[in-house]
Amino acid sequence: MVFSREHGGGVGSVWGNSKGFTLQVLSGRWFMVFSSFMIMSVSGASYMFGLYSREIKSVLGYDQSTLTLLSFFKDLGSNIGIISGLINEVTPPWVVLTIGGVLNFFGYFMIWLAVTKKIANPPVWNMCLYIFIGANSHCSTNTGALVTSVKNFPGSRGIVIGLLSGYLGLSAAIITQLYYAFYGNDSKSLILLMAWLPTATNFWFLMVMIIVQKCLTFTKSEYYVTSTVMLLLLILPLVVVIMEEERLWKRNQEHINSEDPPKPLNITTEMPNLQKSSQTPQAIETTQKQGSFWRNILRPPSRGDDHTIFQALFSLDMVVLFISTICGLGGTLTVVNNLSQIGLSLGYPGHSITTFVSLMAIWIYMGKIIQGVVAEYIITKFKVPRPLLLTSILVLSCVGHLIIAFDVPNGLYAASIIIGFCFGANWPLLFSIISELFGLKFYSTLYNVGSIASPIGSYLFSLKVAGHLYDKEARRQLAALGITRKQGEELNCNGSECYKMAFFIITAVTMFGALVSLILVQRTREFYKGDIYKKFREEARTAETQMAATQNRIEPAANEG
């Protein structure tokens, strides 16, 4: 049977082309990554803990150790996403995204009810549960959006991870703008264009607004204007989505129209040679599974090939990466979670603390973007091991910790920028290294396994070190004044001594993490000297050829019908 290849200019043809193009846009990977941008841009509530933690502490009468316990469960919830990863392995992304939406509403709504006194003061374990559930929604969001995007653009994973996680970091500043408006005070180049055209503008817009808000007092109507402009900038990537899909559509159409009439198919069949193999499928499968379970775990494939979950977990590379990440993220998370209390103890006014939170959100975004894009260029151009960039970020974060420890005048502005940048840069580095060393087959799960380093670091440094030493100094100050703290009364500390020793300890541990990361640099040096993305570029070309061939078969049939 031969299908007609005449493409008439009638209404039916135009409607068919328009419908086909629309379906291509909506089902294409570019629209998917645009949707991921939008999802991530409003999913950063966990980065705003420093902004609303003051209300929790004052209304519920917590001391700093109790507040840092809440922040630990927040970090635990936002990083324990193994279940989300396993669900995403066997279901479409919309399933985990739906789960995330439900968890987010329930968790943060219950916290709102408690802080506004619409319900009786819940026990501490209830508040820990609520914030764990609300923050755990971010695991579903990250898994459904980010992991899917990485699998769609495996040859540009560093950039994709940087861009998407950058939107997540930027979301805290976006949410802050919306808060003021609603409630007053109460492929590579296209991917880069898709992000940098609107997001560079977003960055400068948000930075200017933060500075202006520090100098001026905005009315509620003026915040409506700034929020509207910000939301318009966020949807600009949709233009790039349509442009890219239109380019692919036109190329497929030219391929179809320029092709010679199809030749009759010569289908050759032959009897299968059953003598070629005397083994049954079951015997072949048994042969392939020879070797014990533990032997396979301790003999993983080469770096860059797909590892099983257990092969990756028991790898020395993963252990070194995990330890380094705990040391790095633990310190930066302490600043992120306690920024409000750090500012108050050092004597900064409340409005400046809001500025610190927004500035940190901006520079978390910048850290993720710059590390995702610049690191990709450095690795492909100079063949530098990505773990070496992790080492440099850990060393840089020590500067921010020391600024806080020594209470440099107005130094918290610089510290919030440095720590925000380092905290943001840590994430695309971690996720890119995991995908490059252990493959993408089980990336949904391994991605979430790597995230566990965050709550461990938060527990050790934010709760056990910073929180404990803060309360110890606060009680010493009360005793010196002859004041006894009443039950249910918040516990505050004033002065540079509140966090000085904590950040000296954090600086030392972070430097230890940087030294440990050099082990991974040495072990992966030869791996990064090769072309780590070669096989993914070949797979992308093959997939594009197959897509054109499929379009070639479908289009004539549609026109005939």
# chains A, B, ... in the order shown; residues from 1 in each chain; ligands from 1
>>> residues_around(residues="stretch 415-417 of chain A", least_positions_apart="4", cutoff="7 Å", atoms="only C-alpha atoms", output="VMD selection string")
chain A and resid 356 359 to 360 363 400 403 to 404 411 421
>>> residues_around(residues="A:Val521", least_positions_apart="2", cutoff="9 Å", atoms="only C-alpha atoms", output="PyMOL selection string")
chain A and resi 385-388+391+517-519+523-525
>>> write_last_selection(atoms="all heavy atoms", output="compact mmCIF listing (two decimals), in the first residue's frame")
# COMPACT_ATOMS: atom_id res chain seq x y z
N PRO A 385 38.63 17.64 37.08
CA PRO A 385 37.67 16.79 37.81
C PRO A 385 36.64 17.66 38.53
O PRO A 385 36.99 18.64 39.20
CB PRO A 385 38.56 16.03 38.80
CG PRO A 385 39.94 16.10 38.24
CD PRO A 385 40.02 17.42 37.52
N ARG A 386 35.39 17.29 38.39
CA ARG A 386 34.34 18.07 39.07
C ARG A 386 34.50 18.10 40.59
O ARG A 386 34.20 19.11 41.22
CB ARG A 386 32.95 17.53 38.68
CG ARG A 386 31.83 18.52 38.96
CD ARG A 386 30.47 17.94 38.64
NE ARG A 386 30.25 17.70 37.26
CZ ARG A 386 29.74 18.57 36.39
NH1 ARG A 386 29.42 19.78 36.80
NH2 ARG A 386 29.56 18.24 35.12
N PRO A 387 34.98 17.00 41.21
CA PRO A 387 35.19 17.08 42.67
C PRO A 387 36.16 18.16 43.10
O PRO A 387 36.09 18.64 44.24
CB PRO A 387 35.73 15.68 43.02
CG PRO A 387 35.14 14.78 41.98
CD PRO A 387 35.15 15.60 40.72
N LEU A 388 37.08 18.59 42.22
CA LEU A 388 37.99 19.68 42.58
C LEU A 388 37.23 20.99 42.77
O LEU A 388 37.60 21.82 43.62
CB LEU A 388 39.06 19.85 41.50
CG LEU A 388 40.15 20.89 41.79
CD1 LEU A 388 40.90 20.56 43.07
CD2 LEU A 388 41.13 20.99 40.62
N THR A 391 35.89 20.95 46.20
CA THR A 391 36.91 21.35 47.17
C THR A 391 36.99 22.87 47.27
O THR A 391 37.05 23.44 48.38
CB THR A 391 38.28 20.78 46.75
OG1 THR A 391 38.19 19.36 46.60
CG2 THR A 391 39.33 21.11 47.80
N SER A 517 37.73 15.61 50.27
CA SER A 517 37.29 15.65 48.87
C SER A 517 38.44 15.51 47.90
O SER A 517 38.25 15.09 46.75
CB SER A 517 36.53 16.95 48.60
OG SER A 517 37.40 18.07 48.67
N LEU A 518 39.67 15.85 48.33
CA LEU A 518 40.84 15.69 47.46
C LEU A 518 41.10 14.22 47.13
O LEU A 518 41.71 13.90 46.11
CB LEU A 518 42.08 16.31 48.12
CG LEU A 518 42.06 17.83 48.24
CD1 LEU A 518 43.29 18.31 49.00
CD2 LEU A 518 42.01 18.49 46.86
N ILE A 519 40.65 13.30 48.00
CA ILE A 519 40.75 11.87 47.71
C ILE A 519 39.94 11.53 46.47
O ILE A 519 40.39 10.81 45.57
CB ILE A 519 40.27 11.03 48.91
CG1 ILE A 519 41.13 11.33 50.14
CG2 ILE A 519 40.29 9.53 48.58
CD1 ILE A 519 40.64 10.64 51.41
N ARG A 523 41.04 10.10 42.72
CA ARG A 523 40.47 8.86 42.20
C ARG A 523 39.77 9.05 40.86
O ARG A 523 39.67 8.11 40.07
CB ARG A 523 39.48 8.28 43.23
CG ARG A 523 40.14 7.70 44.46
CD ARG A 523 39.09 7.23 45.47
NE ARG A 523 38.17 6.27 44.90
CZ ARG A 523 38.40 4.97 44.82
NH1 ARG A 523 39.55 4.47 45.26
NH2 ARG A 523 37.50 4.16 44.29
N THR A 524 39.24 10.23 40.59
CA THR A 524 38.46 10.46 39.36
C THR A 524 39.21 11.28 38.32
O THR A 524 38.63 11.66 37.31
CB THR A 524 37.15 11.19 39.71
OG1 THR A 524 37.45 12.45 40.33
CG2 THR A 524 36.30 10.35 40.65
N ARG A 525 40.48 11.56 38.54
CA ARG A 525 41.24 12.41 37.63
C ARG A 525 41.27 11.85 36.22
O ARG A 525 41.02 12.57 35.24
CB ARG A 525 42.66 12.61 38.17
CG ARG A 525 43.51 13.58 37.36
CD ARG A 525 44.85 13.77 38.03
NE ARG A 525 45.54 12.50 38.18
CZ ARG A 525 46.74 12.38 38.75
NH1 ARG A 525 47.33 13.44 39.26
NH2 ARG A 525 47.31 11.19 38.85
>>> atom_distance(atom1="atom CA of A:Phe382", atom2="atom CA of A:Lys529")
8.5 Å
>>> atom_distance(atom1="atom CA of A:Gly424", atom2="atom CA of A:Ser137")
19.3 Å
>>> atom_distance(atom1="atom CA of A:Pro455", atom2="atom CA of A:Ser397")
18.2 Å
>>> residues_around(residues="stretch 482-495 of chain A", least_positions_apart="3", cutoff="12 Å", atoms="only C-alpha atoms", output="PDB file with N, CA and C atoms, in the first residue's frame")
ATOM      1  N   ARG A  54      11.410  33.160  63.393  1.00  0.00           N
ATOM      2  CA  ARG A  54      11.252  34.089  64.520  1.00  0.00           C
ATOM      3  C   ARG A  54       9.847  34.020  65.103  1.00  0.00           C
ATOM      4  N   GLU A  55       8.849  33.905  64.207  1.00  0.00           N
ATOM      5  CA  GLU A  55       7.463  33.841  64.684  1.00  0.00           C
ATOM      6  C   GLU A  55       7.229  32.553  65.463  1.00  0.00           C
ATOM      7  N   ILE A  56       7.762  31.442  64.972  1.00  0.00           N
ATOM      8  CA  ILE A  56       7.589  30.169  65.674  1.00  0.00           C
ATOM      9  C   ILE A  56       8.209  30.241  67.064  1.00  0.00           C
ATOM     10  N   LYS A  57       9.399  30.812  67.130  1.00  0.00           N
ATOM     11  CA  LYS A  57      10.118  30.871  68.414  1.00  0.00           C
ATOM     12  C   LYS A  57       9.402  31.756  69.427  1.00  0.00           C
ATOM     13  N   SER A  58       8.931  32.913  68.971  1.00  0.00           N
ATOM     14  CA  SER A  58       8.300  33.837  69.909  1.00  0.00           C
ATOM     15  C   SER A  58       6.905  33.402  70.320  1.00  0.00           C
ATOM     16  N   VAL A  59       6.101  32.929  69.357  1.00  0.00           N
ATOM     17  CA  VAL A  59       4.713  32.560  69.658  1.00  0.00           C
ATOM     18  C   VAL A  59       4.647  31.296  70.503  1.00  0.00           C
ATOM     19  N   LEU A  60       5.490  30.317  70.191  1.00  0.00           N
ATOM     20  CA  LEU A  60       5.431  29.032  70.889  1.00  0.00           C
ATOM     21  C   LEU A  60       6.415  28.950  72.049  1.00  0.00           C
ATOM     22  N   GLY A  61       7.229  29.983  72.234  1.00  0.00           N
ATOM     23  CA  GLY A  61       8.116  30.024  73.401  1.00  0.00           C
ATOM     24  C   GLY A  61       9.228  29.008  73.374  1.00  0.00           C
ATOM     25  N   TYR A  62       9.886  28.854  72.260  1.00  0.00           N
ATOM     26  CA  TYR A  62      10.955  27.855  72.129  1.00  0.00           C
ATOM     27  C   TYR A  62      12.309  28.469  72.470  1.00  0.00           C
ATOM     28  N   ASP A  63      13.229  27.622  72.939  1.00  0.00           N
ATOM     29  CA  ASP A  63      14.621  28.033  73.008  1.00  0.00           C
ATOM     30  C   ASP A  63      15.291  27.677  71.683  1.00  0.00           C
ATOM     31  N   GLN A  64      16.583  28.031  71.554  1.00  0.00           N
ATOM     32  CA  GLN A  64      17.252  27.840  70.263  1.00  0.00           C
ATOM     33  C   GLN A  64      17.435  26.367  69.926  1.00  0.00           C
ATOM     34  N   SER A  65      17.652  25.520  70.926  1.00  0.00           N
ATOM     35  CA  SER A  65      17.813  24.088  70.670  1.00  0.00           C
ATOM     36  C   SER A  65      16.523  23.487  70.105  1.00  0.00           C
ATOM     37  N   THR A  66      15.385  23.910  70.629  1.00  0.00           N
ATOM     38  CA  THR A  66      14.108  23.421  70.110  1.00  0.00           C
ATOM     39  C   THR A  66      13.873  23.925  68.698  1.00  0.00           C
ATOM     40  N   LEU A  67      14.221  25.186  68.444  1.00  0.00           N
ATOM     41  CA  LEU A  67      14.056  25.741  67.104  1.00  0.00           C
ATOM     42  C   LEU A  67      14.962  25.041  66.104  1.00  0.00           C
ATOM     43  N   ASN A 121      -1.602  25.147  71.267  1.00  0.00           N
ATOM     44  CA  ASN A 121      -0.178  24.937  71.048  1.00  0.00           C
ATOM     45  C   ASN A 121       0.134  23.446  70.929  1.00  0.00           C
ATOM     46  N   PRO A 123       2.292  19.926  70.711  1.00  0.00           N
ATOM     47  CA  PRO A 123       3.576  19.469  71.269  1.00  0.00           C
ATOM     48  C   PRO A 123       4.702  19.633  70.240  1.00  0.00           C
ATOM     49  N   VAL A 124       5.921  19.659  70.736  1.00  0.00           N
ATOM     50  CA  VAL A 124       7.063  19.859  69.848  1.00  0.00           C
ATOM     51  C   VAL A 124       7.126  18.771  68.785  1.00  0.00           C
ATOM     52  N   SER A 340      18.290  34.318  60.900  1.00  0.00           N
ATOM     53  CA  SER A 340      17.522  35.297  61.670  1.00  0.00           C
ATOM     54  C   SER A 340      18.094  35.465  63.071  1.00  0.00           C
ATOM     55  N   GLN A 341      18.362  34.342  63.748  1.00  0.00           N
ATOM     56  CA  GLN A 341      18.897  34.406  65.105  1.00  0.00           C
ATOM     57  C   GLN A 341      20.320  34.965  65.126  1.00  0.00           C
ATOM     58  N   ILE A 342      21.117  34.645  64.099  1.00  0.00           N
ATOM     59  CA  ILE A 342      22.471  35.200  64.006  1.00  0.00           C
ATOM     60  C   ILE A 342      22.400  36.719  63.892  1.00  0.00           C
ATOM     61  N   GLY A 343      21.510  37.202  63.019  1.00  0.00           N
ATOM     62  CA  GLY A 343      21.371  38.645  62.855  1.00  0.00           C
ATOM     63  C   GLY A 343      20.921  39.335  64.118  1.00  0.00           C
ATOM     64  N   LEU A 344      19.926  38.766  64.793  1.00  0.00           N
ATOM     65  CA  LEU A 344      19.430  39.380  66.021  1.00  0.00           C
ATOM     66  C   LEU A 344      20.495  39.400  67.114  1.00  0.00           C
ATOM     67  N   SER A 345      21.240  38.305  67.243  1.00  0.00           N
ATOM     68  CA  SER A 345      22.262  38.244  68.294  1.00  0.00           C
ATOM     69  C   SER A 345      23.383  39.237  68.041  1.00  0.00           C
ATOM     70  N   LEU A 346      23.665  39.542  66.775  1.00  0.00           N
ATOM     71  CA  LEU A 346      24.723  40.485  66.430  1.00  0.00           C
ATOM     72  C   LEU A 346      24.224  41.929  66.360  1.00  0.00           C
ATOM     73  N   GLY A 347      22.946  42.131  66.636  1.00  0.00           N
ATOM     74  CA  GLY A 347      22.424  43.486  66.738  1.00  0.00           C
ATOM     75  C   GLY A 347      21.889  44.095  65.461  1.00  0.00           C
ATOM     76  N   TYR A 348      21.609  43.302  64.445  1.00  0.00           N
ATOM     77  CA  TYR A 348      21.040  43.847  63.212  1.00  0.00           C
ATOM     78  C   TYR A 348      19.533  44.048  63.387  1.00  0.00           C
ATOM     79  N   ILE A 404      31.415  35.535  60.271  1.00  0.00           N
ATOM     80  CA  ILE A 404      30.413  35.494  61.340  1.00  0.00           C
ATOM     81  C   ILE A 404      31.090  35.298  62.690  1.00  0.00           C
ATOM     82  N   ALA A 405      32.068  34.403  62.734  1.00  0.00           N
ATOM     83  CA  ALA A 405      32.737  34.109  64.003  1.00  0.00           C
ATOM     84  C   ALA A 405      33.417  35.340  64.586  1.00  0.00           C
ATOM     85  N   PHE A 406      34.043  36.155  63.741  1.00  0.00           N
ATOM     86  CA  PHE A 406      34.756  37.335  64.223  1.00  0.00           C
ATOM     87  C   PHE A 406      33.860  38.588  64.289  1.00  0.00           C
ATOM     88  N   ASP A 407      32.601  38.456  63.890  1.00  0.00           N
ATOM     89  CA  ASP A 407      31.649  39.568  63.951  1.00  0.00           C
ATOM     90  C   ASP A 407      32.217  40.812  63.271  1.00  0.00           C
ATOM     91  N   GLY A 467      23.120  25.197  68.074  1.00  0.00           N
ATOM     92  CA  GLY A 467      21.980  25.346  68.981  1.00  0.00           C
ATOM     93  C   GLY A 467      22.378  25.161  70.435  1.00  0.00           C
ATOM     94  N   HIS A 468      23.187  24.146  70.698  1.00  0.00           N
ATOM     95  CA  HIS A 468      23.602  23.874  72.077  1.00  0.00           C
ATOM     96  C   HIS A 468      24.441  25.021  72.645  1.00  0.00           C
ATOM     97  N   LEU A 469      25.428  25.502  71.860  1.00  0.00           N
ATOM     98  CA  LEU A 469      26.292  26.571  72.352  1.00  0.00           C
ATOM     99  C   LEU A 469      25.546  27.898  72.491  1.00  0.00           C
ATOM    100  N   TYR A 470      24.567  28.137  71.607  1.00  0.00           N
ATOM    101  CA  TYR A 470      23.743  29.351  71.717  1.00  0.00           C
ATOM    102  C   TYR A 470      22.964  29.348  73.032  1.00  0.00           C
ATOM    103  N   ASP A 471      22.281  28.250  73.313  1.00  0.00           N
ATOM    104  CA  ASP A 471      21.494  28.192  74.549  1.00  0.00           C
ATOM    105  C   ASP A 471      22.386  28.257  75.788  1.00  0.00           C
ATOM    106  N   LYS A 472      23.560  27.660  75.698  1.00  0.00           N
ATOM    107  CA  LYS A 472      24.491  27.704  76.833  1.00  0.00           C
ATOM    108  C   LYS A 472      24.903  29.136  77.141  1.00  0.00           C
ATOM    109  N   GLU A 473      25.216  29.902  76.094  1.00  0.00           N
ATOM    110  CA  GLU A 473      25.594  31.298  76.291  1.00  0.00           C
ATOM    111  C   GLU A 473      24.407  32.136  76.759  1.00  0.00           C
ATOM    112  N   ALA A 474      23.219  31.836  76.222  1.00  0.00           N
ATOM    113  CA  ALA A 474      22.026  32.587  76.634  1.00  0.00           C
ATOM    114  C   ALA A 474      21.730  32.376  78.109  1.00  0.00           C
ATOM    115  N   ARG A 475      21.849  31.148  78.595  1.00  0.00           N
ATOM    116  CA  ARG A 475      21.609  30.874  80.015  1.00  0.00           C
ATOM    117  C   ARG A 475      22.676  31.538  80.881  1.00  0.00           C
ATOM    118  N   ARG A 476      23.913  31.588  80.368  1.00  0.00           N
ATOM    119  CA  ARG A 476      24.972  32.261  81.124  1.00  0.00           C
ATOM    120  C   ARG A 476      24.668  33.751  81.264  1.00  0.00           C
ATOM    121  N   GLN A 477      24.158  34.352  80.198  1.00  0.00           N
ATOM    122  CA  GLN A 477      23.812  35.765  80.250  1.00  0.00           C
ATOM    123  C   GLN A 477      22.664  36.025  81.222  1.00  0.00           C
ATOM    124  N   LEU A 478      21.681  35.134  81.228  1.00  0.00           N
ATOM    125  CA  LEU A 478      20.568  35.291  82.166  1.00  0.00           C
ATOM    126  C   LEU A 478      21.041  35.158  83.609  1.00  0.00           C
ATOM    127  N   ALA A 479      21.931  34.185  83.823  1.00  0.00           N
ATOM    128  CA  ALA A 479      22.449  33.991  85.179  1.00  0.00           C
ATOM    129  C   ALA A 479      23.253  35.193  85.635  1.00  0.00           C
ATOM    130  N   CYS A 498      27.611  34.397  71.099  1.00  0.00           N
ATOM    131  CA  CYS A 498      26.538  33.412  70.910  1.00  0.00           C
ATOM    132  C   CYS A 498      26.898  32.356  69.874  1.00  0.00           C
ATOM    133  N   TYR A 499      27.543  32.772  68.796  1.00  0.00           N
ATOM    134  CA  TYR A 499      27.857  31.844  67.706  1.00  0.00           C
ATOM    135  C   TYR A 499      29.360  31.733  67.404  1.00  0.00           C
ATOM    136  N   LYS A 500      30.212  32.438  68.142  1.00  0.00           N
ATOM    137  CA  LYS A 500      31.639  32.467  67.810  1.00  0.00           C
ATOM    138  C   LYS A 500      32.259  31.073  67.841  1.00  0.00           C
TER     139      LYS A 500
END
>>> closest_residue(among="A:Ser53, A:Asn152, A:Asn136, A:Thr68", to="A:Val115", atoms="only C-alpha atoms")
A:Ser53
>>> select_by_dssp(residues="stretch 93-128 of chain A", states="alpha helix (DSSP H)", output="list in words")
Pro93, Trp94, Val95, Val96, Leu97, Thr98, Ile99, Gly100, Gly101, Val102, Leu103, Asn104, Phe105, Phe106, Gly107, Tyr108, Phe109, Met110, Ile111, Trp112, Leu113, Ala114, Val115, Val124, Trp125, Asn126, Met127 and Cys128 of chain A
>>> closest_residue(among="A:Ala466, A:Leu396, A:Leu146, A:Ile297", to="A:Thr334", atoms="only C-alpha atoms")
A:Ala466
>>> closest_residue(among="A:Gln522, A:Ser454, A:Thr141, A:Ser43", to="A:Trp427", atoms="only C-alpha atoms")
A:Ser454
>>> closest_residue(among="A:Leu394, A:Val408, A:Ile82, A:Ile434", to="A:Gly513", atoms="only C-alpha atoms")
A:Leu394
>>> closest_residue(among="A:Leu70, A:Tyr47, A:Ile87, A:Glu526", to="A:Ser171", atoms="only C-alpha atoms")
A:Tyr47
>>> residues_around(residues="A:Tyr130", least_positions_apart="6", cutoff="8 Å", atoms="only C-alpha atoms", output="list in words")
Phe106, Gly107, Tyr108, Met110 and Ile111 of chain A
>>> residues_around(residues="A:Lys441", least_positions_apart="3", cutoff="10 Å", atoms="only C-alpha atoms", output="NGL selection string")
:A and (89 or 151 or 305-309 or 435 or 438 or 444-446)
>>> residues_around(residues="A:Gly77", least_positions_apart="5", cutoff="12 Å", atoms="only C-alpha atoms", output="NGL selection string")
:A and (46 or 70-72 or 82-84 or 100 or 103-104 or 107 or 128-140 or 448 or 451-452 or 454-456 or 458)
>>> write_last_selection(atoms="N, CA and C atoms", output="PDB file, in the first residue's frame")
ATOM      1  N   SER A  46      11.496  25.816  52.053  1.00  0.00           N
ATOM      2  CA  SER A  46      12.456  25.391  53.073  1.00  0.00           C
ATOM      3  C   SER A  46      13.615  26.370  53.200  1.00  0.00           C
ATOM      4  N   LEU A  70      13.523  21.786  65.111  1.00  0.00           N
ATOM      5  CA  LEU A  70      12.559  21.946  64.027  1.00  0.00           C
ATOM      6  C   LEU A  70      13.261  22.075  62.683  1.00  0.00           C
ATOM      7  N   SER A  71      14.335  22.870  62.642  1.00  0.00           N
ATOM      8  CA  SER A  71      15.059  23.052  61.382  1.00  0.00           C
ATOM      9  C   SER A  71      15.688  21.745  60.919  1.00  0.00           C
ATOM     10  N   PHE A  72      16.099  20.900  61.883  1.00  0.00           N
ATOM     11  CA  PHE A  72      16.638  19.584  61.515  1.00  0.00           C
ATOM     12  C   PHE A  72      15.568  18.734  60.846  1.00  0.00           C
ATOM     13  N   ILE A  82      13.977   9.075  49.256  1.00  0.00           N
ATOM     14  CA  ILE A  82      14.190   7.757  48.652  1.00  0.00           C
ATOM     15  C   ILE A  82      12.872   7.161  48.189  1.00  0.00           C
ATOM     16  N   ILE A  83      11.826   7.346  48.984  1.00  0.00           N
ATOM     17  CA  ILE A  83      10.510   6.807  48.592  1.00  0.00           C
ATOM     18  C   ILE A  83      10.025   7.495  47.316  1.00  0.00           C
ATOM     19  N   SER A  84      10.207   8.801  47.223  1.00  0.00           N
ATOM     20  CA  SER A  84       9.835   9.527  46.004  1.00  0.00           C
ATOM     21  C   SER A  84      10.620   9.003  44.814  1.00  0.00           C
ATOM     22  N   GLY A 100       3.533  15.443  46.167  1.00  0.00           N
ATOM     23  CA  GLY A 100       4.215  16.598  46.736  1.00  0.00           C
ATOM     24  C   GLY A 100       3.281  17.752  47.041  1.00  0.00           C
ATOM     25  N   LEU A 103       1.309  16.949  50.276  1.00  0.00           N
ATOM     26  CA  LEU A 103       2.157  17.040  51.464  1.00  0.00           C
ATOM     27  C   LEU A 103       2.477  18.489  51.814  1.00  0.00           C
ATOM     28  N   ASN A 104       2.763  19.295  50.797  1.00  0.00           N
ATOM     29  CA  ASN A 104       3.118  20.685  51.033  1.00  0.00           C
ATOM     30  C   ASN A 104       1.975  21.449  51.706  1.00  0.00           C
ATOM     31  N   GLY A 107       1.350  20.095  55.510  1.00  0.00           N
ATOM     32  CA  GLY A 107       2.384  20.422  56.486  1.00  0.00           C
ATOM     33  C   GLY A 107       2.426  21.889  56.848  1.00  0.00           C
ATOM     34  N   CYS A 128       7.383  19.154  64.725  1.00  0.00           N
ATOM     35  CA  CYS A 128       8.441  18.468  63.956  1.00  0.00           C
ATOM     36  C   CYS A 128       7.836  17.637  62.831  1.00  0.00           C
ATOM     37  N   LEU A 129       6.707  16.978  63.129  1.00  0.00           N
ATOM     38  CA  LEU A 129       6.043  16.165  62.118  1.00  0.00           C
ATOM     39  C   LEU A 129       5.473  17.037  61.008  1.00  0.00           C
ATOM     40  N   TYR A 130       4.832  18.147  61.382  1.00  0.00           N
ATOM     41  CA  TYR A 130       4.240  19.034  60.382  1.00  0.00           C
ATOM     42  C   TYR A 130       5.301  19.595  59.423  1.00  0.00           C
ATOM     43  N   ILE A 131       6.410  20.065  59.998  1.00  0.00           N
ATOM     44  CA  ILE A 131       7.434  20.680  59.142  1.00  0.00           C
ATOM     45  C   ILE A 131       8.155  19.618  58.322  1.00  0.00           C
ATOM     46  N   PHE A 132       8.246  18.397  58.848  1.00  0.00           N
ATOM     47  CA  PHE A 132       8.821  17.282  58.085  1.00  0.00           C
ATOM     48  C   PHE A 132       7.954  16.970  56.876  1.00  0.00           C
ATOM     49  N   ILE A 133       6.636  16.914  57.079  1.00  0.00           N
ATOM     50  CA  ILE A 133       5.713  16.600  55.981  1.00  0.00           C
ATOM     51  C   ILE A 133       5.729  17.709  54.938  1.00  0.00           C
ATOM     52  N   GLY A 134       5.658  18.956  55.382  1.00  0.00           N
ATOM     53  CA  GLY A 134       5.671  20.068  54.428  1.00  0.00           C
ATOM     54  C   GLY A 134       6.947  20.117  53.624  1.00  0.00           C
ATOM     55  N   ALA A 135       8.087  19.941  54.291  1.00  0.00           N
ATOM     56  CA  ALA A 135       9.368  19.998  53.590  1.00  0.00           C
ATOM     57  C   ALA A 135       9.580  18.786  52.703  1.00  0.00           C
ATOM     58  N   ASN A 136       8.998  17.643  53.075  1.00  0.00           N
ATOM     59  CA  ASN A 136       9.186  16.432  52.275  1.00  0.00           C
ATOM     60  C   ASN A 136       8.555  16.553  50.899  1.00  0.00           C
ATOM     61  N   SER A 137       7.634  17.493  50.743  1.00  0.00           N
ATOM     62  CA  SER A 137       7.040  17.721  49.419  1.00  0.00           C
ATOM     63  C   SER A 137       8.094  18.145  48.411  1.00  0.00           C
ATOM     64  N   HIS A 138       9.174  18.780  48.867  1.00  0.00           N
ATOM     65  CA  HIS A 138      10.216  19.224  47.951  1.00  0.00           C
ATOM     66  C   HIS A 138      10.942  18.058  47.310  1.00  0.00           C
ATOM     67  N   CYS A 139      11.008  16.920  48.023  1.00  0.00           N
ATOM     68  CA  CYS A 139      11.620  15.718  47.434  1.00  0.00           C
ATOM     69  C   CYS A 139      10.812  15.256  46.231  1.00  0.00           C
ATOM     70  N   SER A 140       9.504  15.272  46.359  1.00  0.00           N
ATOM     71  CA  SER A 140       8.647  14.880  45.238  1.00  0.00           C
ATOM     72  C   SER A 140       8.794  15.850  44.081  1.00  0.00           C
ATOM     73  N   ASN A 448      18.332  10.993  45.566  1.00  0.00           N
ATOM     74  CA  ASN A 448      17.779  11.221  46.891  1.00  0.00           C
ATOM     75  C   ASN A 448      18.655  10.659  47.995  1.00  0.00           C
ATOM     76  N   SER A 451      21.120  13.256  48.856  1.00  0.00           N
ATOM     77  CA  SER A 451      20.528  14.372  49.606  1.00  0.00           C
ATOM     78  C   SER A 451      20.509  14.136  51.106  1.00  0.00           C
ATOM     79  N   ILE A 452      20.638  12.865  51.530  1.00  0.00           N
ATOM     80  CA  ILE A 452      20.584  12.573  52.967  1.00  0.00           C
ATOM     81  C   ILE A 452      21.726  13.239  53.712  1.00  0.00           C
ATOM     82  N   SER A 454      22.514  16.197  53.711  1.00  0.00           N
ATOM     83  CA  SER A 454      22.070  17.496  54.212  1.00  0.00           C
ATOM     84  C   SER A 454      21.482  17.430  55.622  1.00  0.00           C
ATOM     85  N   PRO A 455      20.476  16.579  55.890  1.00  0.00           N
ATOM     86  CA  PRO A 455      19.950  16.547  57.261  1.00  0.00           C
ATOM     87  C   PRO A 455      20.947  16.025  58.282  1.00  0.00           C
ATOM     88  N   ILE A 456      21.867  15.133  57.863  1.00  0.00           N
ATOM     89  CA  ILE A 456      22.889  14.668  58.807  1.00  0.00           C
ATOM     90  C   ILE A 456      23.780  15.832  59.230  1.00  0.00           C
ATOM     91  N   SER A 458      22.977  18.975  59.093  1.00  0.00           N
ATOM     92  CA  SER A 458      22.154  19.902  59.865  1.00  0.00           C
ATOM     93  C   SER A 458      22.029  19.460  61.311  1.00  0.00           C
TER      94      SER A 458
END
>>> closest_residue(among="A:Asn296, A:Thr143, A:Thr91, A:Asn337", to="A:Ala45", atoms="only C-alpha atoms")
A:Asn337
